[in-house]
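**Q** Compact mmCIF, C-alpha atoms, saved as protein.txt, coming up:
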# COMPACT_ATOMS: atom_id res chain seq x y z
CA ARG Z 1 3.29 383.98 240.41
CA GLN Z 2 6.38 385.39 238.71
CA ILE Z 3 4.82 388.84 238.49
CA GLU Z 4 4.10 388.78 242.20
CA GLN Z 5 7.57 387.37 242.92
CA TYR Z 6 9.24 390.21 241.01
CA LEU Z 7 7.03 392.82 242.64
CA GLY Z 8 8.06 391.25 245.94
CA PHE Z 9 11.74 391.71 245.06
CA LEU Z 10 11.03 395.36 244.25
CA GLY Z 11 9.08 395.87 247.48
CA GLN Z 12 11.92 394.40 249.52
CA LYS Z 13 14.51 396.54 247.72
CA LEU Z 14 12.40 399.62 248.49
CA ALA Z 15 12.15 398.53 252.15
CA ASP Z 16 15.94 398.17 252.27
CA MET Z 17 16.15 401.74 250.94
CA HIS Z 18 13.54 402.95 253.51
CA ILE Z 19 11.24 404.08 250.69
CA LYS Z 20 7.47 403.54 250.62
CA ALA Z 21 6.01 403.56 247.11
CA THR Z 22 2.76 402.98 245.27
CA LEU Z 23 2.30 401.57 241.78
CA ILE Z 24 -0.75 401.32 239.56
CA LEU Z 25 -0.59 398.05 237.62
CA LEU Z 26 -1.59 398.17 233.96
CA GLY Z 27 -1.14 396.25 230.71
CA GLY Z 28 -0.43 392.56 230.35
CA ALA Z 29 0.51 392.06 233.99
CA LEU Z 30 -2.91 393.32 235.01
CA MET Z 31 -4.61 391.04 232.48
CA ILE Z 32 -2.67 388.03 233.79
CA THR Z 33 -3.19 388.69 237.49
CA GLN Z 34 -6.77 389.95 237.35
CA LEU Z 35 -8.46 388.22 234.40
CA GLY Z 36 -6.15 385.32 233.62
CA ASN Z 37 -6.85 385.64 229.89
CA ARG Z 38 -3.21 385.21 228.93
CA LYS Z 39 -0.12 383.47 230.25
CA THR Z 40 2.71 385.88 229.45
CA THR Z 41 3.70 389.50 229.08
CA GLN Z 42 6.90 391.18 227.94
CA ASP Z 43 7.11 393.46 230.98
CA ILE Z 44 5.16 394.82 233.91
CA ASP Z 45 3.50 398.09 232.91
CA VAL Z 46 3.03 400.47 235.81
CA VAL Z 47 2.48 404.05 236.79
CA ILE Z 48 4.67 405.08 239.70
CA ALA Z 49 2.07 406.96 241.70
CA THR Z 50 3.95 409.90 243.13
CA ASN Z 51 4.54 413.55 242.46
CA ASP Z 52 7.74 413.45 244.53
CA ARG Z 53 10.75 413.38 242.22
CA GLN Z 54 13.00 411.80 244.88
CA ILE Z 55 10.60 408.90 245.43
CA TYR Z 56 10.23 408.44 241.67
CA GLN Z 57 14.01 408.32 241.25
CA ALA Z 58 14.37 405.93 244.20
CA VAL Z 59 11.80 403.57 242.67
CA GLN Z 60 13.65 403.72 239.34
CA GLN Z 61 16.91 402.95 241.15
CA ALA Z 62 15.29 400.01 242.97
CA ILE Z 63 13.94 398.68 239.65
CA MET Z 64 17.43 398.85 238.17
CA LEU Z 65 18.99 397.13 241.20
CA VAL Z 66 16.45 394.28 241.03
CA ALA Z 67 17.14 393.93 237.29
CA GLN Z 68 20.87 393.63 237.97
CA GLU Z 69 20.54 391.25 240.92
CA LYS Z 70 17.96 388.96 239.29
CA LYS Z 71 19.45 389.22 235.79
CA LEU Z 72 16.27 390.70 234.34
CA PRO Z 73 16.05 393.03 231.34
CA ALA Z 74 16.36 396.71 232.30
CA SER Z 75 12.76 397.19 231.16
CA TRP Z 76 11.26 394.40 233.31
CA ILE Z 77 9.09 397.11 234.84
CA ASN Z 78 8.08 399.76 232.36
CA ASP Z 79 6.48 403.09 233.23
CA ASP Z 80 6.22 404.35 229.64
CA VAL Z 81 2.44 403.98 229.94
CA THR Z 82 2.60 407.02 232.25
CA LEU Z 83 2.78 409.21 229.13
CA ILE Z 84 -0.63 407.97 228.00
CA VAL Z 85 -2.09 408.07 231.51
CA ASP Z 86 -0.93 411.67 231.92
CA GLN Z 87 -2.73 412.57 228.67
CA VAL Z 88 -6.01 410.79 229.31
CA GLY Z 89 -6.12 411.03 233.09
CA ARG Z 90 -5.62 408.58 235.91
CA PRO Z 91 -8.14 405.90 236.84
CA LYS Z 92 -11.23 407.24 238.59
CA ALA Z 93 -11.44 404.48 241.20
CA PRO Z 94 -8.29 402.38 241.53
CA ARG Z 95 -8.55 399.71 244.20
CA TYR Z 96 -5.89 398.32 246.46
CA TRP Z 97 -4.62 394.94 245.26
CA LYS Z 98 -1.59 393.87 247.32
CA SER Z 99 1.40 395.03 249.32
CA PHE Z 100 4.91 393.76 248.83
CA ALA Z 101 7.00 395.01 251.79
CA SER Z 102 7.27 398.78 251.11
CA LEU Z 103 5.32 398.63 247.86
CA ASP Z 104 1.55 399.04 247.56
CA VAL Z 105 0.00 398.03 244.24
CA TYR Z 106 -3.34 399.31 242.98
CA ILE Z 107 -5.53 398.11 240.12
CA PRO Z 108 -7.58 400.49 237.95
CA GLU Z 109 -11.22 399.79 237.34
CA PHE Z 110 -11.72 397.46 234.38
CA GLU Z 111 -13.64 400.15 232.46
CA TYR Z 112 -10.50 402.30 232.51
CA ILE Z 113 -8.34 399.49 231.16
CA PHE Z 114 -10.97 398.73 228.50
CA ALA Z 115 -10.95 402.38 227.39
CA LEU Z 116 -7.13 402.49 227.27
CA LYS Z 117 -6.94 399.26 225.27
CA CYS Z 118 -9.51 400.54 222.75
CA PHE Z 119 -7.73 403.91 222.59
CA SER Z 120 -4.33 402.30 221.94
CA ALA Z 121 -6.04 400.27 219.18
CA ARG Z 122 -3.22 397.78 218.78
CA ILE Z 123 -4.27 394.52 217.14
CA GLN Z 124 -2.43 392.61 219.88
CA ASP Z 125 -4.80 394.22 222.42
CA ASP Z 126 -7.95 392.81 220.79
CA ARG Z 127 -7.80 389.67 222.96
CA ASP Z 128 -7.64 391.84 226.08
CA ILE Z 129 -10.46 394.08 224.83
CA MET Z 130 -12.65 391.01 224.34
CA ALA Z 131 -11.79 389.58 227.77
CA LEU Z 132 -12.59 392.91 229.41
CA ALA Z 133 -15.79 393.24 227.37
CA GLN Z 134 -16.91 389.83 228.59
CA ARG Z 135 -16.18 390.75 232.22
CA LEU Z 136 -17.94 394.11 231.84
CA HIS Z 137 -20.88 392.69 229.80
CA ILE Z 138 -20.10 394.97 226.86
CA ARG Z 139 -21.69 393.47 223.75
CA THR Z 140 -22.13 396.32 221.28
CA ARG Z 141 -20.11 399.06 219.66
CA ALA Z 142 -22.36 401.64 221.32
CA GLN Z 143 -21.60 400.20 224.76
CA ALA Z 144 -17.89 400.16 223.95
CA TRP Z 145 -17.98 403.79 222.81
CA SER Z 146 -19.86 404.75 225.96
CA ILE Z 147 -16.98 403.46 228.11
CA VAL Z 148 -14.30 404.99 225.88
CA ASN Z 149 -16.05 408.38 225.93
CA ALA Z 150 -16.36 408.24 229.72
CA TYR Z 151 -12.59 407.81 230.18
CA ILE Z 152 -10.79 409.36 227.21
CA PRO Z 153 -11.02 413.16 226.94
CA PRO Z 154 -12.43 414.43 223.62
CA LEU Z 155 -9.22 416.22 222.63
CA GLN Z 156 -7.10 413.08 222.97
CA LEU Z 157 -9.77 410.88 221.42
CA SER Z 158 -10.09 413.14 218.38
CA SER Z 159 -6.43 412.55 217.50
CA ARG Z 160 -6.92 408.76 217.47
CA SER Z 161 -10.61 408.31 216.77
CA GLY Z 162 -9.99 406.45 213.51
CA TYR Z 163 -7.75 403.91 215.23
CA THR Z 164 -10.15 403.56 218.15
CA THR Z 165 -13.03 403.03 215.72
CA GLN Z 166 -11.05 400.29 213.97
CA ALA Z 167 -10.33 398.53 217.28
CA ILE Z 168 -13.98 398.66 218.34
CA ASP Z 169 -15.14 397.52 214.88
CA ARG Z 170 -12.70 394.56 215.00
CA CYS Z 171 -14.02 393.45 218.40
CA PHE Z 172 -17.77 394.12 218.11
CA SER Z 173 -20.08 393.15 215.29
CA THR Z 174 -23.03 395.36 216.26
Let me see the structure of the file written as structure tokens.
**A**
Amino acid sequence: RQIEQYLGFLGQKLADMHIKATLILLGGALMITQLGNRKTTQDIDVVIATNDRQIYQAVQQAIMLVAQEKKLPASWINDDVTLIVDQVGRPKAPRYWKSFASLDVYIPEFEYIFALKCFSARIQDDRDIMALAQRLHIRTRAQAWSIVNAYIPPLQLSSRSGYTTQAIDRCFST
């Protein structure tokens, strides 16, 4: 509920600024709102889905204003994940989730999130990898690699294949 409440504050701030924006929800906030496999997250990871620099800056300004007004950390919404998304590519089939005033929020397909979590290979992501695997009926390393290879370009994967292998080996026994 808090995630939606804060996105609502952002959507209203954007409406006050006469800006229409779109976000792609990722990370822990996606896991909480879509799978419910955890209760908390440090921030709301998003991609601000625009190529328009003015809209991007307006969204950043709105995020900062909400942080100030609601006494939230400056990084309550974090778009650092955009660096990874720009490297590996955007989701193939994001779906509309919800609107909050002037803010539309989309959710990537679960296969995409699974691939990103395996690619990042952080131990703290293992719980999310397993929850996504259960939802996607992924039971083996081969199935996991099939999804990763479908979403992560070979050039990017080659630079982190050892880490990705470790993550998949930690989460799948066969």
**Q** Of the residues Z:Thr82, Z:Thr140, Z:Asn149, Z:Gln61, which is the one nearest to Tyr112 (chain Z), using all atoms listed in the file?
**A**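 Residue with the minimum atom-to-atom distance to Tyr112 (chain Z): Z:Asn149.
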**Q** When distances are computed from all atoms listed in the file, which of Z:Thr33, Z:Leu14, Z:Tyr6, Z:Gly89 shows the smallest separation from Leu72 (chain Z)?
**A** Z:Tyr6
**Q** Which of these, Z:Ile44, Z:Ile168, Z:Met64, Z:Leu155, has the shortest distance to Met130 (chain Z) once you count all atoms listed in the file?
**A**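 Selected residue with least distance to Met130 (chain Z): Z:Ile168.
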**Q** With distances taken over only C-alpha atoms, which of Z:Ala62, Z:Ala49, Z:Ile77, Z:Ile113 is nearest to Ala15 (chain Z)?
**A**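 Smallest distance to Ala15 (chain Z) is found for Z:Ala62.
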**Q** Quick one: residues within 7 Å of region 93-99 of chain Z, only C-alpha atoms counted, chain neighbours fewer than 5 positions away excluded, as a compact mmCIF listing (two decimals) with C-alpha atoms, in the coordinates of the input?
**A**
# COMPACT_ATOMS: atom_id res chain seq x y z
CA ASP Z 104 1.55 399.04 247.56
CA VAL Z 105 0.00 398.03 244.24
CA TYR Z 106 -3.34 399.31 242.98
CA ILE Z 107 -5.53 398.11 240.12
CA PRO Z 108 -7.58 400.49 237.95
CA GLU Z 109 -11.22 399.79 237.34
**Q** Distance cut-off 12 Å, centre (-7.4, 407.7, 220.3) in file coordinates, counting all atoms listed in the file: which residues qualify? Return them as number ranges by chain.
**A** Z: 84, 87-88, 115-122, 145, 148-149, 151-168
**Q** Counting all atoms listed in the file, figure out which residue out of Z:Asp45, Z:Thr50, Z:Arg135, Z:Cys171 gets nearest to Ser75 (chain Z).
**A**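 Going through Z:Asp45, Z:Thr50, Z:Arg135, Z:Cys171 one by one, the smallest distance to Ser75 (chain Z) is for Z:Asp45.
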**Q** Report, in Å with one decimal, the straight-line distance from CA of Pro73 (chain Z) to CA of Leu30 (chain Z).
**A**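 Going from CA of Pro73 (chain Z) over to CA of Leu30 (chain Z) covers 19.3 Å.
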**Q** I need the residue nearest Asp79 (chain Z) from this list: Z:Ile55, Z:Val66, Z:Leu25, Z:Ile3. Use all atoms listed in the file for the distance.
**A** Z:Leu25
**Q** May I ask for the distance between CA of Ile63 (chain Z) and CA of Phe114 (chain Z), given in Å to one decimal place?
**A**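 Between CA of Ile63 (chain Z) and CA of Phe114 (chain Z) the gap works out to 27.3 Å.
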**Q** What's the separation between CA of Ile19 (chain Z) and CA of Gln42 (chain Z), in Å to one decimal place?
**A**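 Separation of CA of Ile19 (chain Z) and CA of Gln42 (chain Z): 26.5 Å.
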**Q** Up to 10 Å from (-7.3, 393.1, 228.9) in the file's coordinates: name the residues, counting all atoms listed in the file, as a list in words.
**A** Leu26, Gly27, Gly28, Ala29, Leu30, Met31, Ile32, Gln34, Leu35, Gly36, Asn37, Arg38, Phe110, Ile113, Phe114, Leu116, Lys117, Cys118, Asp125, Asp126, Arg127, Asp128, Ile129, Met130, Ala131, Leu132, Ala133 and Arg135 of chain Z
**Q** Would you kindly place all heavy atoms on region 151-162 of chain Z and return the model as a PDB file, keeping the file's coordinate frame?
**A**
ATOM      1  N   TYR Z 151     -13.953 407.799 229.638  1.00  0.00           N
ATOM      2  CA  TYR Z 151     -12.590 407.810 230.180  1.00  0.00           C
ATOM      3  C   TYR Z 151     -11.564 408.577 229.346  1.00  0.00           C
ATOM      4  O   TYR Z 151     -10.562 409.038 229.891  1.00  0.00           O
ATOM      5  CB  TYR Z 151     -12.089 406.372 230.387  1.00  0.00           C
ATOM      6  CG  TYR Z 151     -12.678 405.745 231.620  1.00  0.00           C
ATOM      7  CD1 TYR Z 151     -13.857 405.015 231.563  1.00  0.00           C
ATOM      8  CD2 TYR Z 151     -12.070 405.911 232.851  1.00  0.00           C
ATOM      9  CE1 TYR Z 151     -14.410 404.458 232.699  1.00  0.00           C
ATOM     10  CE2 TYR Z 151     -12.616 405.357 233.999  1.00  0.00           C
ATOM     11  CZ  TYR Z 151     -13.779 404.639 233.918  1.00  0.00           C
ATOM     12  OH  TYR Z 151     -14.337 404.098 235.053  1.00  0.00           O
ATOM     13  N   ILE Z 152     -11.776 408.697 228.063  1.00  0.00           N
ATOM     14  CA  ILE Z 152     -10.790 409.360 227.210  1.00  0.00           C
ATOM     15  C   ILE Z 152     -11.302 410.756 226.866  1.00  0.00           C
ATOM     16  O   ILE Z 152     -12.376 410.889 226.274  1.00  0.00           O
ATOM     17  CB  ILE Z 152     -10.537 408.552 225.911  1.00  0.00           C
ATOM     18  CG1 ILE Z 152     -10.217 407.084 226.202  1.00  0.00           C
ATOM     19  CG2 ILE Z 152      -9.428 409.228 225.089  1.00  0.00           C
ATOM     20  CD1 ILE Z 152      -8.964 406.822 227.002  1.00  0.00           C
ATOM     21  N   PRO Z 153     -10.564 411.793 227.236  1.00  0.00           N
ATOM     22  CA  PRO Z 153     -11.020 413.160 226.940  1.00  0.00           C
ATOM     23  C   PRO Z 153     -11.172 413.382 225.431  1.00  0.00           C
ATOM     24  O   PRO Z 153     -10.408 412.831 224.629  1.00  0.00           O
ATOM     25  CB  PRO Z 153      -9.887 414.036 227.504  1.00  0.00           C
ATOM     26  CG  PRO Z 153      -9.181 413.182 228.507  1.00  0.00           C
ATOM     27  CD  PRO Z 153      -9.310 411.775 227.990  1.00  0.00           C
ATOM     28  N   PRO Z 154     -12.152 414.198 225.044  1.00  0.00           N
ATOM     29  CA  PRO Z 154     -12.430 414.430 223.620  1.00  0.00           C
ATOM     30  C   PRO Z 154     -11.211 414.871 222.810  1.00  0.00           C
ATOM     31  O   PRO Z 154     -11.017 414.422 221.683  1.00  0.00           O
ATOM     32  CB  PRO Z 154     -13.512 415.510 223.629  1.00  0.00           C
ATOM     33  CG  PRO Z 154     -14.171 415.374 224.966  1.00  0.00           C
ATOM     34  CD  PRO Z 154     -13.109 414.900 225.905  1.00  0.00           C
ATOM     35  N   LEU Z 155     -10.383 415.731 223.373  1.00  0.00           N
ATOM     36  CA  LEU Z 155      -9.220 416.220 222.630  1.00  0.00           C
ATOM     37  C   LEU Z 155      -8.262 415.078 222.268  1.00  0.00           C
ATOM     38  O   LEU Z 155      -7.814 414.968 221.124  1.00  0.00           O
ATOM     39  CB  LEU Z 155      -8.473 417.286 223.448  1.00  0.00           C
ATOM     40  CG  LEU Z 155      -7.255 417.896 222.762  1.00  0.00           C
ATOM     41  CD1 LEU Z 155      -7.652 418.607 221.463  1.00  0.00           C
ATOM     42  CD2 LEU Z 155      -6.562 418.872 223.702  1.00  0.00           C
ATOM     43  N   GLN Z 156      -7.980 414.216 223.236  1.00  0.00           N
ATOM     44  CA  GLN Z 156      -7.100 413.080 222.970  1.00  0.00           C
ATOM     45  C   GLN Z 156      -7.765 412.081 222.029  1.00  0.00           C
ATOM     46  O   GLN Z 156      -7.139 411.552 221.127  1.00  0.00           O
ATOM     47  CB  GLN Z 156      -6.695 412.374 224.274  1.00  0.00           C
ATOM     48  CG  GLN Z 156      -5.592 413.072 225.031  1.00  0.00           C
ATOM     49  CD  GLN Z 156      -6.045 414.375 225.665  1.00  0.00           C
ATOM     50  OE1 GLN Z 156      -7.212 414.561 225.981  1.00  0.00           O
ATOM     51  NE2 GLN Z 156      -5.116 415.294 225.842  1.00  0.00           N
ATOM     52  N   LEU Z 157      -9.045 411.845 222.246  1.00  0.00           N
ATOM     53  CA  LEU Z 157      -9.770 410.880 221.420  1.00  0.00           C
ATOM     54  C   LEU Z 157      -9.825 411.342 219.964  1.00  0.00           C
ATOM     55  O   LEU Z 157      -9.685 410.536 219.041  1.00  0.00           O
ATOM     56  CB  LEU Z 157     -11.179 410.654 221.967  1.00  0.00           C
ATOM     57  CG  LEU Z 157     -11.963 409.527 221.343  1.00  0.00           C
ATOM     58  CD1 LEU Z 157     -11.197 408.205 221.423  1.00  0.00           C
ATOM     59  CD2 LEU Z 157     -13.307 409.381 222.037  1.00  0.00           C
ATOM     60  N   SER Z 158      -9.977 412.640 219.748  1.00  0.00           N
ATOM     61  CA  SER Z 158     -10.090 413.140 218.380  1.00  0.00           C
ATOM     62  C   SER Z 158      -8.820 412.845 217.569  1.00  0.00           C
ATOM     63  O   SER Z 158      -8.892 412.626 216.361  1.00  0.00           O
ATOM     64  CB  SER Z 158     -10.387 414.640 218.364  1.00  0.00           C
ATOM     65  OG  SER Z 158      -9.278 415.378 218.845  1.00  0.00           O
ATOM     66  N   SER Z 159      -7.683 412.804 218.228  1.00  0.00           N
ATOM     67  CA  SER Z 159      -6.430 412.550 217.500  1.00  0.00           C
ATOM     68  C   SER Z 159      -6.256 411.077 217.119  1.00  0.00           C
ATOM     69  O   SER Z 159      -5.434 410.762 216.265  1.00  0.00           O
ATOM     70  CB  SER Z 159      -5.230 413.007 218.338  1.00  0.00           C
ATOM     71  OG  SER Z 159      -5.066 412.160 219.458  1.00  0.00           O
ATOM     72  N   ARG Z 160      -7.048 410.198 217.746  1.00  0.00           N
ATOM     73  CA  ARG Z 160      -6.920 408.760 217.470  1.00  0.00           C
ATOM     74  C   ARG Z 160      -8.267 408.105 217.200  1.00  0.00           C
ATOM     75  O   ARG Z 160      -8.380 406.886 217.270  1.00  0.00           O
ATOM     76  CB  ARG Z 160      -6.256 408.055 218.663  1.00  0.00           C
ATOM     77  CG  ARG Z 160      -4.823 408.482 218.900  1.00  0.00           C
ATOM     78  CD  ARG Z 160      -4.107 407.579 219.863  1.00  0.00           C
ATOM     79  NE  ARG Z 160      -4.205 406.173 219.568  1.00  0.00           N
ATOM     80  CZ  ARG Z 160      -3.450 405.521 218.684  1.00  0.00           C
ATOM     81  NH1 ARG Z 160      -2.550 406.146 217.995  1.00  0.00           N
ATOM     82  NH2 ARG Z 160      -3.611 404.221 218.493  1.00  0.00           N
ATOM     83  N   SER Z 161      -9.273 408.884 216.891  1.00  0.00           N
ATOM     84  CA  SER Z 161     -10.610 408.310 216.770  1.00  0.00           C
ATOM     85  C   SER Z 161     -10.701 407.254 215.672  1.00  0.00           C
ATOM     86  O   SER Z 161     -11.413 406.261 215.814  1.00  0.00           O
ATOM     87  CB  SER Z 161     -11.668 409.401 216.577  1.00  0.00           C
ATOM     88  OG  SER Z 161     -11.457 410.061 215.348  1.00  0.00           O
ATOM     89  N   GLY Z 162      -9.973 407.449 214.581  1.00  0.00           N
ATOM     90  CA  GLY Z 162      -9.990 406.450 213.510  1.00  0.00           C
ATOM     91  C   GLY Z 162      -9.447 405.115 213.975  1.00  0.00           C
ATOM     92  O   GLY Z 162     -10.025 404.058 213.683  1.00  0.00           O
TER      93      GLY Z 162
END
